[in-house]
>>> print(open('target.pdb').read())   # PDB, C-alpha atoms, pLDDT in the B column
ATOM      1  CA  MET A 104      83.997  65.157  83.559  1.00 37.00           C
ATOM      2  CA  ILE A 105      83.540  63.614  86.947  1.00 40.00           C
ATOM      3  CA  ASP A 106      80.278  62.254  88.234  1.00 39.00           C
ATOM      4  CA  ASN A 107      79.086  65.048  90.493  1.00 41.00           C
ATOM      5  CA  GLY A 108      76.467  62.788  92.006  1.00 39.00           C
ATOM      6  CA  GLY A 109      73.918  65.557  91.752  1.00 39.00           C
ATOM      7  CA  GLY A 110      71.688  63.990  89.134  1.00 38.00           C
ATOM      8  CA  ALA A 111      70.049  66.772  87.135  1.00 40.00           C
ATOM      9  CA  ARG A 112      72.276  69.498  88.568  1.00 46.00           C
ATOM     10  CA  GLU A 113      69.512  70.944  90.721  1.00 47.00           C
ATOM     11  CA  SER A 114      72.077  72.891  92.756  1.00 51.00           C
ATOM     12  CA  VAL A 115      73.535  74.638  89.688  1.00 54.00           C
ATOM     13  CA  ARG A 116      73.132  78.389  89.856  1.00 58.00           C
ATOM     14  CA  ARG A 117      73.932  81.232  87.541  1.00 58.00           C
ATOM     15  CA  SER A 118      75.472  84.372  88.905  1.00 53.00           C
ATOM     16  CA  ARG A 119      75.914  87.597  87.030  1.00 52.00           C
ATOM     17  CA  ILE A 120      79.298  88.603  88.419  1.00 50.00           C
ATOM     18  CA  ALA A 121      78.739  92.265  87.557  1.00 47.00           C
ATOM     19  CA  ASP A 122      76.132  92.323  90.350  1.00 50.00           C
ATOM     20  CA  TYR A 123      78.943  91.730  92.847  1.00 44.00           C
ATOM     21  CA  MET A 124      81.526  94.136  91.431  1.00 43.00           C
ATOM     22  CA  ASP A 125      81.187  96.609  94.315  1.00 47.00           C
ATOM     23  CA  ILE A 126      81.935  93.995  96.965  1.00 44.00           C
ATOM     24  CA  ALA A 127      85.260  94.688  98.659  1.00 44.00           C
ATOM     25  CA  PRO A 128      87.962  92.036  98.814  1.00 48.00           C
ATOM     26  CA  PRO A 129      88.557  90.305 102.174  1.00 53.00           C
ATOM     27  CA  ASP A 130      91.223  92.812 103.221  1.00 53.00           C
ATOM     28  CA  GLY A 131      88.948  95.773 102.435  1.00 50.00           C
ATOM     29  CA  GLY A 132      91.247  97.014  99.637  1.00 48.00           C
ATOM     30  CA  ASP A 133      90.552  97.881  96.026  1.00 44.00           C
ATOM     31  CA  HIS A 134      89.604  95.401  93.325  1.00 40.00           C
ATOM     32  CA  GLU A 135      93.118  94.945  92.033  1.00 39.00           C
ATOM     33  CA  THR A 136      94.668  91.824  90.660  1.00 35.00           C
ATOM     34  CA  PRO A 137      97.120  90.434  93.223  1.00 36.00           C
ATOM     35  CA  ALA A 138     100.774  91.186  92.501  1.00 36.00           C
ATOM     36  CA  ASN A 139     101.537  87.539  91.776  1.00 36.00           C
ATOM     37  CA  THR A 140      98.630  87.174  89.311  1.00 34.00           C
ATOM     38  CA  PRO A 141      99.623  86.805  85.659  1.00 34.00           C
ATOM     39  CA  ALA A 142      97.969  89.111  83.151  1.00 34.00           C
ATOM     40  CA  GLY A 143      94.653  87.598  82.120  1.00 33.00           C
ATOM     41  CA  GLY A 144      94.484  85.226  85.092  1.00 34.00           C
ATOM     42  CA  LEU A 145      93.809  81.548  84.509  1.00 35.00           C
ATOM     43  CA  ALA A 146      94.359  80.134  81.071  1.00 33.00           C
ATOM     44  CA  GLU A 147      91.543  78.203  79.398  1.00 35.00           C
ATOM     45  CA  SER A 148      93.935  76.474  77.010  1.00 33.00           C
ATOM     46  CA  PRO A 149      97.661  75.668  76.821  1.00 35.00           C
ATOM     47  CA  ALA A 150      98.185  78.542  74.372  1.00 34.00           C
ATOM     48  CA  ASP A 151      97.022  81.055  76.992  1.00 38.00           C
ATOM     49  CA  ALA A 152      98.929  79.544  79.925  1.00 39.00           C
ATOM     50  CA  SER A 153     101.470  81.878  81.462  1.00 42.00           C
ATOM     51  CA  GLY A 154     101.659  80.907  85.125  1.00 49.00           C
ATOM     52  CA  PRO A 155      99.707  79.997  88.230  1.00 53.00           C
ATOM     53  CA  PRO A 156      96.073  81.018  88.655  1.00 55.00           C
ATOM     54  CA  PRO A 157      95.378  84.287  90.471  1.00 54.00           C
ATOM     55  CA  GLY A 158      96.320  84.140  94.109  1.00 50.00           C
ATOM     56  CA  LEU A 159      98.248  80.873  94.118  1.00 52.00           C
ATOM     57  CA  PRO A 160     101.374  81.397  96.211  1.00 52.00           C
ATOM     58  CA  GLY A 161     104.518  82.307  94.348  1.00 51.00           C
ATOM     59  CA  GLU A 162     107.905  83.210  95.753  1.00 49.00           C
ATOM     60  CA  GLU A 163     106.696  85.745  98.336  1.00 54.00           C
ATOM     61  CA  ALA A 164     108.190  85.527 101.827  1.00 55.00           C
ATOM     62  CA  VAL A 165     106.159  83.861 104.567  1.00 55.00           C
ATOM     63  CA  PRO A 166     106.420  85.304 108.079  1.00 58.00           C
ATOM     64  CA  GLU A 167     108.149  83.109 110.663  1.00 61.00           C
ATOM     65  CA  VAL A 168     105.600  81.167 112.713  1.00 66.00           C
ATOM     66  CA  ASP A 169     106.328  78.001 114.631  1.00 84.00           C
ATOM     67  CA  ALA A 170     105.479  74.781 112.803  1.00 88.00           C
ATOM     68  CA  GLU A 171     103.050  73.503 115.437  1.00 89.00           C
ATOM     69  CA  SER A 172     100.931  76.690 115.247  1.00 90.00           C
ATOM     70  CA  ARG A 173     100.800  76.460 111.454  1.00 88.00           C
ATOM     71  CA  ARG A 174      99.839  72.782 111.649  1.00 89.00           C
ATOM     72  CA  ARG A 175      96.998  73.495 114.102  1.00 91.00           C
ATOM     73  CA  GLU A 176      95.728  76.419 112.026  1.00 89.00           C
ATOM     74  CA  PHE A 177      95.801  74.384 108.821  1.00 89.00           C
ATOM     75  CA  THR A 178      94.034  71.435 110.465  1.00 92.00           C
ATOM     76  CA  ALA A 179      91.256  73.764 111.661  1.00 93.00           C
ATOM     77  CA  ARG A 180      90.902  75.282 108.181  1.00 91.00           C
ATOM     78  CA  LEU A 181      90.828  71.828 106.575  1.00 95.00           C
ATOM     79  CA  GLU A 182      88.104  70.600 108.950  1.00 96.00           C
ATOM     80  CA  ALA A 183      86.056  73.750 108.312  1.00 95.00           C
ATOM     81  CA  PHE A 184      86.468  73.316 104.545  1.00 96.00           C
ATOM     82  CA  ARG A 185      85.325  69.677 104.659  1.00 97.00           C
ATOM     83  CA  ASP A 186      82.127  70.716 106.481  1.00 97.00           C
ATOM     84  CA  THR A 187      81.363  73.721 104.259  1.00 96.00           C
ATOM     85  CA  ALA A 188      79.495  73.996 100.965  1.00 97.00           C
ATOM     86  CA  VAL A 189      81.578  75.911  98.413  1.00 97.00           C
ATOM     87  CA  LEU A 190      80.890  77.186  94.901  1.00 97.00           C
ATOM     88  CA  VAL A 191      82.553  75.348  92.006  1.00 97.00           C
ATOM     89  CA  PRO A 192      82.162  77.079  88.621  1.00 96.00           C
ATOM     90  CA  TYR A 193      81.503  75.221  85.388  1.00 92.00           C
ATOM     91  CA  ARG A 194      83.419  75.667  82.164  1.00 86.00           C
ATOM     92  CA  GLY A 195      82.184  73.674  79.209  1.00 83.00           C
ATOM     93  CA  ASP A 196      80.995  70.292  80.457  1.00 83.00           C
ATOM     94  CA  GLY A 197      82.860  70.217  83.764  1.00 90.00           C
ATOM     95  CA  TRP A 198      84.183  72.073  86.741  1.00 93.00           C
ATOM     96  CA  LEU A 199      86.769  74.793  86.244  1.00 94.00           C
ATOM     97  CA  THR A 200      90.274  73.495  86.943  1.00 95.00           C
ATOM     98  CA  VAL A 201      93.828  74.566  86.247  1.00 93.00           C
ATOM     99  CA  ASP A 202      96.918  72.401  85.912  1.00 93.00           C
ATOM    100  CA  PHE A 203      99.988  73.884  87.575  1.00 91.00           C
ATOM    101  CA  GLY A 204     103.131  72.463  89.117  1.00 89.00           C
ATOM    102  CA  GLY A 205     102.222  68.935  88.068  1.00 91.00           C
ATOM    103  CA  ILE A 206      98.918  69.136  89.980  1.00 94.00           C
ATOM    104  CA  ARG A 207      95.358  69.640  88.750  1.00 95.00           C
ATOM    105  CA  TRP A 208      93.576  72.180  90.966  1.00 96.00           C
ATOM    106  CA  ILE A 209      89.784  72.288  91.252  1.00 97.00           C
ATOM    107  CA  LEU A 210      88.875  75.952  91.719  1.00 97.00           C
ATOM    108  CA  ALA A 211      86.355  76.500  94.507  1.00 97.00           C
ATOM    109  CA  PHE A 212      85.038  79.689  96.104  1.00 97.00           C
ATOM    110  CA  SER A 213      83.672  80.346  99.573  1.00 96.00           C
ATOM    111  CA  ASP A 214      80.867  82.606  98.294  1.00 96.00           C
ATOM    112  CA  GLU A 215      79.724  84.656  95.295  1.00 95.00           C
ATOM    113  CA  SER A 216      81.890  87.601  96.383  1.00 94.00           C
ATOM    114  CA  ALA A 217      85.029  85.449  96.164  1.00 95.00           C
ATOM    115  CA  LEU A 218      83.915  84.128  92.770  1.00 95.00           C
ATOM    116  CA  ALA A 219      83.315  87.713  91.633  1.00 94.00           C
ATOM    117  CA  ARG A 220      86.846  88.733  92.630  1.00 94.00           C
ATOM    118  CA  TYR A 221      88.205  85.835  90.595  1.00 94.00           C
ATOM    119  CA  ALA A 222      86.077  86.793  87.582  1.00 94.00           C
ATOM    120  CA  LEU A 223      87.272  90.391  87.844  1.00 94.00           C
ATOM    121  CA  ALA A 224      90.902  89.251  88.004  1.00 92.00           C
ATOM    122  CA  ARG A 225      90.250  87.471  84.687  1.00 91.00           C
ATOM    123  CA  ASP A 226      88.455  90.497  83.188  1.00 92.00           C
ATOM    124  CA  GLU A 227      85.302  88.370  82.981  1.00 91.00           C
ATOM    125  CA  GLY A 228      83.177  90.288  85.473  1.00 86.00           C
ATOM    126  CA  HIS A 229      80.591  91.099  82.808  1.00 89.00           C
ATOM    127  CA  GLU A 230      79.890  87.419  82.091  1.00 89.00           C
ATOM    128  CA  GLU A 231      77.373  85.117  83.702  1.00 90.00           C
ATOM    129  CA  TRP A 232      79.036  82.252  85.607  1.00 91.00           C
ATOM    130  CA  THR A 233      77.384  78.888  86.185  1.00 93.00           C
ATOM    131  CA  TYR A 234      78.372  77.104  89.370  1.00 95.00           C
ATOM    132  CA  GLU A 235      77.404  74.228  91.619  1.00 95.00           C
ATOM    133  CA  THR A 236      77.326  74.184  95.417  1.00 97.00           C
ATOM    134  CA  VAL A 237      79.470  71.267  96.601  1.00 96.00           C
ATOM    135  CA  LEU A 238      80.453  70.106 100.072  1.00 97.00           C
ATOM    136  CA  GLY A 239      84.226  70.410 100.593  1.00 97.00           C
ATOM    137  CA  GLU A 240      84.371  66.838 101.826  1.00 97.00           C
ATOM    138  CA  ARG A 241      82.915  65.632  98.521  1.00 97.00           C
ATOM    139  CA  LEU A 242      85.562  67.543  96.553  1.00 97.00           C
ATOM    140  CA  LEU A 243      88.414  65.966  98.527  1.00 97.00           C
ATOM    141  CA  ASP A 244      87.022  62.443  98.895  1.00 97.00           C
ATOM    142  CA  ALA A 245      85.246  61.944  95.541  1.00 96.00           C
ATOM    143  CA  ALA A 246      86.302  64.538  92.952  1.00 96.00           C
ATOM    144  CA  VAL A 247      90.045  64.260  93.626  1.00 96.00           C
ATOM    145  CA  PRO A 248      90.115  60.465  93.077  1.00 95.00           C
ATOM    146  CA  ALA A 249      87.936  60.834  89.962  1.00 94.00           C
ATOM    147  CA  ALA A 250      90.461  63.191  88.318  1.00 94.00           C
ATOM    148  CA  GLY A 251      92.837  60.366  87.391  1.00 93.00           C
ATOM    149  CA  VAL A 252      95.832  62.662  87.939  1.00 95.00           C
ATOM    150  CA  PRO A 253      97.338  64.250  91.069  1.00 96.00           C
ATOM    151  CA  CYS A 254      94.608  66.701  92.066  1.00 97.00           C
ATOM    152  CA  GLY A 255      93.951  69.195  94.855  1.00 97.00           C
ATOM    153  CA  VAL A 256      91.580  72.071  95.590  1.00 97.00           C
ATOM    154  CA  ALA A 257      92.326  75.804  95.453  1.00 96.00           C
ATOM    155  CA  LEU A 258      89.858  77.824  97.538  1.00 96.00           C
ATOM    156  CA  ASP A 259      89.386  81.544  96.729  1.00 96.00           C
ATOM    157  CA  ALA A 260      92.320  81.610  94.297  1.00 92.00           C
ATOM    158  CA  ALA A 261      92.053  85.339  93.553  1.00 91.00           C
ATOM    159  CA  ASP A 262      92.337  86.418  97.179  1.00 92.00           C
ATOM    160  CA  GLY A 263      96.121  86.215  97.513  1.00 88.00           C
ATOM    161  CA  ALA A 264      98.355  84.052  99.659  1.00 85.00           C
ATOM    162  CA  GLU A 265      96.966  85.407 102.954  1.00 83.00           C
ATOM    163  CA  HIS A 266      93.363  84.432 102.186  1.00 88.00           C
ATOM    164  CA  ALA A 267      93.500  81.670  99.553  1.00 91.00           C
ATOM    165  CA  VAL A 268      93.747  78.085 100.775  1.00 91.00           C
ATOM    166  CA  LEU A 269      95.510  75.343  98.824  1.00 92.00           C
ATOM    167  CA  LEU A 270      94.616  71.752  99.648  1.00 95.00           C
ATOM    168  CA  PRO A 271      97.242  69.672  97.845  1.00 95.00           C
ATOM    169  CA  PRO A 272      96.960  65.958  97.091  1.00 96.00           C
ATOM    170  CA  VAL A 273      98.861  64.714 100.134  1.00 96.00           C
ATOM    171  CA  ALA A 274      97.967  62.177 102.821  1.00 95.00           C
ATOM    172  CA  GLY A 275      95.748  63.660 105.497  1.00 95.00           C
ATOM    173  CA  ILE A 276      93.982  65.906 102.965  1.00 96.00           C
ATOM    174  CA  VAL A 277      92.938  63.547 100.164  1.00 97.00           C
ATOM    175  CA  PRO A 278      92.414  59.762 100.308  1.00 96.00           C
ATOM    176  CA  GLU A 279      95.801  58.148 100.888  1.00 95.00           C
ATOM    177  CA  ALA A 280      95.668  56.106  97.664  1.00 95.00           C
ATOM    178  CA  TYR A 281      95.564  59.397  95.706  1.00 96.00           C
ATOM    179  CA  ALA A 282      98.256  61.240  97.687  1.00 96.00           C
ATOM    180  CA  VAL A 283     101.434  62.128  95.805  1.00 95.00           C
ATOM    181  CA  ASN A 284     103.506  61.587  98.955  1.00 93.00           C
ATOM    182  CA  ARG A 285     102.254  57.976  98.978  1.00 92.00           C
ATOM    183  CA  GLY A 286     103.343  57.353  95.391  1.00 92.00           C
ATOM    184  CA  PHE A 287     100.232  58.278  93.370  1.00 93.00           C
ATOM    185  CA  ALA A 288     101.261  59.518  89.933  1.00 90.00           C
ATOM    186  CA  GLY A 289      97.920  59.251  88.115  1.00 87.00           C
ATOM    187  CA  ASN A 290      97.224  57.744  84.739  1.00 79.00           C
ATOM    188  CA  ALA A 291      97.496  60.903  82.622  1.00 66.00           C
ATOM    189  CA  ALA A 292     100.086  63.622  82.246  1.00 61.00           C
ATOM    190  CA  VAL A 293      99.530  67.038  83.819  1.00 63.00           C
ATOM    191  CA  ALA A 294     101.247  69.887  81.992  1.00 56.00           C
ATOM    192  CA  GLU A 295     102.548  72.692  84.189  1.00 51.00           C
ATOM    193  CA  GLY A 296     100.622  75.912  83.722  1.00 49.00           C
ATOM    194  CA  GLU A 297      97.984  74.360  81.488  1.00 47.00           C
ATOM    195  CA  GLY A 298      94.424  75.480  82.096  1.00 47.00           C
ATOM    196  CA  THR A 299      91.888  72.747  81.637  1.00 43.00           C
ATOM    197  CA  ARG A 300      88.215  71.937  81.827  1.00 40.00           C
ATOM    198  CA  TRP A 301      86.722  68.827  83.339  1.00 38.00           C
TER     199      TRP A 301
END
>>> encode(input="target.pdb", output="structure tokens")
Amino acid sequence: MIDNGGGARESVRRSRIADYMDIAPPDGGDHETPANTPAGGLAESPADASGPPPGLPGEEAVPEVDAESRRREFTARLEAFRDTAVLVPYRGDGWLTVDFGGIRWILAFSDESALARYALARDEGHEEWTYETVLGERLLDAAVPAAGVPCGVALDAADGAEHAVLLPPVAGIVPEAYAVNRGFAGNAAVAEGEGTRW
């Protein structure tokens, strides 16, 4: 588990996800699991792992947009994320993460509605979820280095490729010493598709 720096976890909240079940997804559609979501959603253990967490991009086609526009849009989203408090759920003694593609992803949510959609995608909408409110900047600058393996952040993972935001461990997003494109390989193996708890 990383040191969350929050002392006695005063910012930890419990949310009964069932209270949010009638909240529409961002596109106004039904509460359906995205097409690229594996049955059962995120795995809690290697035995349950069957693919990426709900909403992480798969092989779907991306519309043609010029590279400069995409770069500007991503930079704006990254800056907004760094300045925003997000919800990070707990599992066991640490934050909920998933290992996929050789990267550990910290799962974060923009609000309780986004967390509820994720819980519903996992068929866990009836459970109570414990989460902490964490500044995005703290996730990227402190939690990522503390992971000890290549680590990024997945924001609103159940909301599909159009709404979810992946912040991979590359220079310009995470501290350069922990960026995979600067040679960081970590000190522990990350198994593809393995769900994990910090």
>>> resolve_selection(input="target.pdb", expression="the PyMOL selection byres ((chain A and resi 247) around 10)", output="list in words")
Ile105, Arg207, Trp208, Ile209, Arg241, Leu242, Leu243, Asp244, Ala245, Ala246, Pro248, Ala249, Ala250, Gly251, Val252, Pro253, Cys254, Gly255, Val256, Pro271, Pro272, Val277, Pro278, Tyr281 and Ala282 of chain A
>>> closest_residue(input="target.pdb", among="A:Glu235, A:Asp262, A:Asp169, A:Asp226", to="Tyr193 (chain A)", atoms="all atoms listed in the file")
A:Glu235
>>> atom_distance(input="target.pdb", atom1="CA of Val201 (chain A)", atom2="CA of Asn290 (chain A)")
17.2 Å
>>> atom_distance(input="target.pdb", atom1="CA of Ala188 (chain A)", atom2="CA of Ala274 (chain A)")
22.0 Å
>>> closest_residue(input="target.pdb", among="A:Gly286, A:Arg225, A:Glu230, A:Arg220", to="Ala267 (chain A)", atoms="all atoms listed in the file")
A:Arg220
>>> atom_distance(input="target.pdb", atom1="CA of Gly275 (chain A)", atom2="CA of Tyr221 (chain A)")
27.8 Å
>>> resolve_selection(input="target.pdb", expression="the PyMOL selection byres ((chain A and resi 176-182) around 10)", output="list in words")
Ala170, Glu171, Ser172, Arg173, Arg174, Arg175, Ala183, Phe184, Arg185, Asp186, Thr187, Gly239, Glu240, Val268, Leu269, Leu270, Gly275 and Ile276 of chain A
>>> closest_residue(input="target.pdb", among="A:Ala217, A:Ala257, A:Ala222, A:Val237", to="Asp202 (chain A)", atoms="all atoms listed in the file")
A:Ala257
>>> resolve_selection(input="target.pdb", expression="the PyMOL selection byres ((chain A and resi 213) around 9)", output="PyMOL selection string")
chain A and resi 187-190+211-212+214-218+258-259
>>> axis_aligned_box(input="target.pdb", around="region 179-189 of chain A", padding_each_side="3 Å", output="JSON")
{"center_x": 85.4, "center_y": 72.8, "center_z": 105.0, "size_x": 17.8, "size_y": 12.2, "size_z": 19.2}
>>> closest_residue(input="target.pdb", among="A:Ala219, A:Ala280, A:Leu199, A:Ile206", to="Glu231 (chain A)", atoms="all atoms listed in the file")
A:Ala219
